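> Structure provided below as structure tokens; questions to follow.
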Amino acid sequence: MITAWTKHLKTEEDKDKFNRSLMASRYVLERLQELLDEEKSSLESAEISPKIYETPNWDYKQAHTNGFKAALKMVSKLITLDQEKK
């Protein structure tokens with residue numbers, strides 16, 4: 001379990017309660033992971049298109065895309081409840 005989810009909680013009882021709630025949301029989090037994967041795949045397809053270079057300031061757009069991909073990766077890591085899979 002990722003400690004980022006429970007670091008705001010003071011007692012073990014609160015942490016256990018929150019962890020149970022989080023595990024009960026596994027189905028929703030797995031669907032969210034699928035959506036994030038689709039978004040990442042879409043970004044990667046656009047990145048390899050030669051048309052991207054026809055856009056003025058393509059380097060700024062690439063930097064934006066890289067930042068967005070980093071954010072997707074961070075969220076993906078947070079919602080992966082079984083860290084051994086990653």
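If you're wondering about the labels, chains in the structure tokens are A, B, ... by order shown, residues count from 1 in each chain, ligands from 1 in order shown.
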Write out as a list in words the residues lying within 12 Å of Asn19 (chain A), counting only C-alpha atoms and excluding same-chain residues fewer than 2 positions away.

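Returned residues: Met1, Ile2, Thr3, Ala4, Trp5, Thr6, Lys7, Leu9, Glu12, Glu13, Asp14, Lys15, Asp16, Lys17, Ser21, Leu22, Met23, Ala24, Ser25, Arg26 and Leu81 of chain A.
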
> Assign secondary structure with DSSP using the backbone only, and return the residues of chain A in alpha helix (DSSP H) as a PyMOL selection string.

chain A and resi 12-24+26-47+58-79

> List as a count of residues only the protein and nucleic acid residues near Thr65 (chain A), meaning an atom at most 12 Å away when only C-alpha atoms are counted, but skip any in the same chain fewer than 2 places from it.

21

> Return the single residue from A:Thr55, A:Lys77, A:Asp82, A:Ser49 that is closest to Gln33 (chain A), with distances computed using only C-alpha atoms.

A:Lys77
